[in-house]
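So this one's input_27.cif, mmCIF, C-alpha atoms:
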```
data_upload
loop_
_atom_site.label_atom_id
_atom_site.label_comp_id
_atom_site.auth_asym_id
_atom_site.auth_seq_id
_atom_site.Cartn_x
_atom_site.Cartn_y
_atom_site.Cartn_z
CA MET A 10 7.32 111.27 41.73
CA THR A 11 4.84 114.13 42.13
CA SER A 12 5.59 114.59 45.84
CA ARG A 13 9.32 114.78 45.07
CA CYS A 14 8.65 117.45 42.45
CA ILE A 15 6.50 119.42 44.90
CA LEU A 16 9.19 119.12 47.56
CA GLN A 17 11.87 120.29 45.12
CA THR A 18 9.72 123.24 44.06
CA ALA A 19 9.01 124.19 47.67
CA LEU A 20 12.70 124.00 48.52
CA LEU A 21 13.60 126.04 45.47
CA VAL A 22 11.09 128.77 46.41
CA TYR A 23 12.29 128.81 50.01
CA PHE A 24 15.95 128.73 49.03
CA SER A 25 15.65 131.40 46.33
CA THR A 26 13.74 133.89 48.48
CA THR A 27 16.15 133.46 51.37
CA VAL A 28 19.33 133.58 49.33
CA LEU A 29 18.24 136.33 46.95
CA ALA A 30 17.65 138.67 49.84
CA MET A 31 21.38 138.65 50.54
CA ASN A 32 23.05 137.37 47.40
CA TYR A 33 23.35 140.17 44.87
CA ASP A 34 25.03 137.93 42.31
CA LEU A 35 22.02 135.66 42.16
CA LEU A 36 19.68 138.65 42.20
CA GLN A 37 21.55 140.18 39.28
CA PHE A 38 21.19 136.94 37.35
CA GLN A 39 17.46 136.79 38.04
CA LEU A 40 16.88 140.44 37.12
CA SER A 41 18.97 140.08 34.00
CA SER A 42 17.00 137.00 32.97
CA SER A 43 13.70 138.80 33.51
CA SER A 44 14.95 141.80 31.59
CA VAL A 45 15.93 139.61 28.65
CA GLU A 46 12.54 137.89 28.81
CA CYS A 47 10.77 141.27 28.75
CA GLN A 48 12.92 142.46 25.85
CA GLU A 49 12.16 139.31 23.87
CA LEU A 50 8.44 139.76 24.49
CA LEU A 51 8.60 143.41 23.45
CA LEU A 52 10.41 142.47 20.26
CA GLN A 53 7.68 139.95 19.43
CA LEU A 54 5.10 142.72 19.32
CA ASN A 55 4.66 143.72 15.71
CA GLY A 56 5.39 147.25 14.65
CA THR A 57 8.28 149.00 13.00
CA SER A 58 9.47 152.43 13.95
CA LYS A 59 10.64 153.32 10.44
CA ASP A 60 7.03 154.08 9.49
CA CYS A 61 6.74 156.31 12.55
CA LEU A 62 9.90 158.40 12.33
CA LYS A 63 7.88 161.63 12.30
CA ASP A 64 6.45 160.67 15.71
CA ARG A 65 9.80 160.14 17.47
CA MET A 66 10.42 161.92 20.74
CA ASN A 67 13.24 162.15 23.23
CA PHE A 68 11.64 161.12 26.51
CA LYS A 69 14.86 162.06 28.33
CA ILE A 70 15.71 159.07 30.47
CA PRO A 71 17.30 160.47 33.65
CA GLU A 72 21.04 161.05 33.43
CA GLU A 73 21.48 159.26 36.76
CA ILE A 74 20.15 156.08 35.20
CA LYS A 75 22.52 156.41 32.26
CA LYS A 76 25.46 156.83 34.65
CA SER A 77 24.43 153.94 36.83
CA GLN A 78 27.78 153.20 38.47
CA GLN A 79 27.08 155.91 41.07
CA PHE A 80 24.38 153.87 42.82
CA GLN A 81 24.57 151.61 45.84
CA LYS A 82 23.19 148.10 45.38
CA GLU A 83 20.08 148.98 47.38
CA ASP A 84 19.45 151.96 45.08
CA ILE A 85 19.66 149.66 42.06
CA ILE A 86 16.96 147.44 43.54
CA LEU A 87 14.71 150.45 44.16
CA ILE A 88 15.27 151.87 40.67
CA THR A 89 14.62 148.48 39.09
CA LEU A 90 11.40 148.14 41.09
CA GLU A 91 10.26 151.57 39.94
CA MET A 92 11.11 150.86 36.30
CA PHE A 93 9.30 147.50 36.32
CA GLY A 94 6.27 149.08 38.00
CA LYS A 95 6.03 152.06 35.66
CA THR A 96 6.56 149.88 32.57
CA SER A 97 3.76 147.63 33.77
CA ASP A 98 1.49 150.66 34.31
CA ILE A 99 2.15 151.86 30.76
CA PHE A 100 1.33 148.51 29.18
CA ARG A 101 -1.95 148.33 31.08
CA ARG A 102 -3.21 151.35 29.15
CA ASN A 103 -5.31 151.53 26.01
CA LEU A 104 -3.68 148.97 23.71
CA SER A 105 -6.67 148.51 21.41
CA SER A 106 -5.15 150.41 18.48
CA THR A 107 -1.92 148.42 18.45
CA GLY A 108 -3.10 145.11 17.03
CA TRP A 109 -0.61 143.47 19.36
CA ASN A 110 -0.99 139.88 20.43
CA GLU A 111 -2.74 140.07 23.81
CA THR A 112 -1.04 136.90 25.02
CA ILE A 113 2.40 138.44 24.52
CA VAL A 114 1.35 141.62 26.34
CA GLU A 115 -0.09 139.54 29.19
CA ASP A 116 3.12 137.49 29.41
CA LEU A 117 5.07 140.75 29.61
CA LEU A 118 2.83 142.03 32.40
CA VAL A 119 3.12 138.74 34.31
CA THR A 120 6.93 138.85 34.09
CA LEU A 121 7.03 142.46 35.26
CA HIS A 122 4.59 141.75 38.10
CA ARG A 123 6.52 138.68 39.27
CA GLN A 124 9.76 140.65 39.49
CA LYS A 125 8.04 143.61 41.10
CA GLU A 126 6.63 141.38 43.85
CA HIS A 127 10.01 139.74 44.35
CA LEU A 128 11.78 143.08 44.70
CA GLU A 129 9.11 144.36 47.10
CA GLY A 130 9.77 141.30 49.25
CA ILE A 131 13.50 142.03 49.28
CA MET A 132 12.83 145.64 50.21
CA GLU A 133 10.72 144.57 53.19
CA GLU A 134 13.66 142.54 54.50
CA GLY A 135 16.28 145.27 54.07
CA ASN A 136 16.96 148.82 55.10
CA PHE A 137 16.41 150.93 52.00
CA THR A 138 16.70 154.66 51.64
CA TRP A 139 15.97 156.54 48.46
CA ASP A 140 17.38 159.58 46.75
CA HIS A 141 14.17 161.52 46.15
CA ARG A 142 15.70 163.42 43.23
CA THR A 143 16.35 160.26 41.28
CA LEU A 144 12.86 158.98 42.03
CA LEU A 145 11.35 162.27 40.90
CA HIS A 146 13.37 162.25 37.66
CA LEU A 147 12.34 158.66 36.96
CA LYS A 148 8.66 159.41 37.62
CA ARG A 149 8.84 162.43 35.29
CA TYR A 150 10.41 160.28 32.59
CA TYR A 151 7.53 157.80 32.71
CA LEU A 152 5.00 160.63 32.95
CA ARG A 153 6.39 162.07 29.68
CA ILE A 154 5.82 158.68 28.06
CA VAL A 155 2.21 158.54 29.31
CA GLN A 156 1.56 162.14 28.23
CA TYR A 157 2.98 161.35 24.79
CA LEU A 158 0.63 158.38 24.42
CA LYS A 159 -2.36 160.52 25.45
CA ALA A 160 -1.35 163.37 23.12
CA LYS A 161 -1.04 160.93 20.24
CA LYS A 162 -4.39 159.35 21.24
CA TYR A 163 -2.74 155.96 21.78
CA SER A 164 -2.10 155.61 18.04
CA THR A 165 -0.25 152.64 16.59
CA CYS A 166 2.79 154.80 15.84
CA ALA A 167 2.78 156.23 19.36
CA TRP A 168 2.79 152.72 20.80
CA THR A 169 5.58 151.69 18.43
CA ILE A 170 7.69 154.63 19.60
CA VAL A 171 6.92 153.80 23.25
CA GLN A 172 7.78 150.14 22.65
CA ALA A 173 11.19 151.22 21.31
CA GLU A 174 11.69 153.58 24.27
CA ILE A 175 10.84 150.86 26.80
CA LEU A 176 13.35 148.57 25.06
CA ARG A 177 15.90 151.37 25.41
CA GLY A 178 15.03 151.59 29.10
CA PHE A 179 15.72 147.88 29.47
CA PHE A 180 19.16 148.46 27.96
CA PHE A 181 19.93 150.90 30.78
CA LEU A 182 18.33 148.56 33.29
CA ASP A 183 20.65 145.75 32.16
CA LYS A 184 23.62 148.06 32.63
CA LEU A 185 22.33 149.12 36.02
CA THR A 186 21.73 145.60 37.33
CA GLY A 187 25.19 144.60 36.13
CA TYR A 188 26.56 146.71 39.00
CA LEU A 189 25.00 144.29 41.49
CA LEU A 190 27.95 142.01 40.70
CA SER A 191 30.61 144.48 41.82
#
```

Could you show the structure in this file as structure tokens?
Amino acid sequence: MTSRCILQTALLVYFSTTVLAMNYDLLQFQLSSSSVECQELLLQLNGTSKDCLKDRMNFKIPEEIKKSQQFQKEDIILITLEMFGKTSDIFRRNLSSTGWNETIVEDLLVTLHRQKEHLEGIMEEGNFTWDHRTLLHLKRYYLRIVQYLKAKKYSTCAWTIVQAEILRGFFFLDKLTGYLLS
């Protein structure tokens, strides 16, 4: 029984890595599932933004991300990789003031890391080019979030606002990865 389970798992890993490199439909499903998982974890973190309305800020997500239909499928993979990586970097920062459940944050980081590694593997197999403008705009967006956290001294309200912004980013990411199906 155990050997059959191990064999099935090994086949699944082999099959999924091989197929996902070429099958954008399956990749879209996997990215969408991970995005939903991340959103659910973010929503489990306590904190309400209504108490922090005075701390709101427009972090200015890049317009290119909002108008995602302009990207090639390879660009979508690169953007998704960047967004997962930068989100992970943000949630590795000073969380001590949040009172958030560390297990939930760790689960979020594990999910982001797993997808980041998977996308890096796909990139190694393919021929990817990158629009440096979009990358620069995306990096600036995440830098504004980090600068905001620092300026607010990683306060609970600052983290609540960032949590809401990251959830907003996942909304655009869902829209973006939906174009892998076309």

List the spatial neighbours of A:Leu54 as a list in words - criterion: any atom at most 9 Å away, all atoms listed in the file, same-chain residues fewer than 4 positions off excluded.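 The filter keeps Leu50, Gly108, Trp109, Asn110, Ile113, Val114 and Gln172 of chain A.
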
Quick one: residues within 10 Å of A:Asp116, only C-alpha atoms, excluding same-chain residues fewer than 5 positions away - as a PyMOL selection string? chain A and resi 46-47+50+111+121-122

Coordinates-based distance that separates atom CA of A:Lys82 from atom CA of A:Tyr33 (Å, one decimal):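 Separation of atom CA of A:Tyr33 and atom CA of A:Lys82: 7.9 Å.
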
Find the residue from A:Lys59, A:His127, A:Lys95, A:Lys76 that sits nearest to A:Val155; use all atoms listed in the file when measuring. A:Lys95

Considering all atoms listed in the file, can you say which of A:Met66, A:Leu51, A:Ile175, A:Met92 comes closest to A:Glu115? A:Leu51
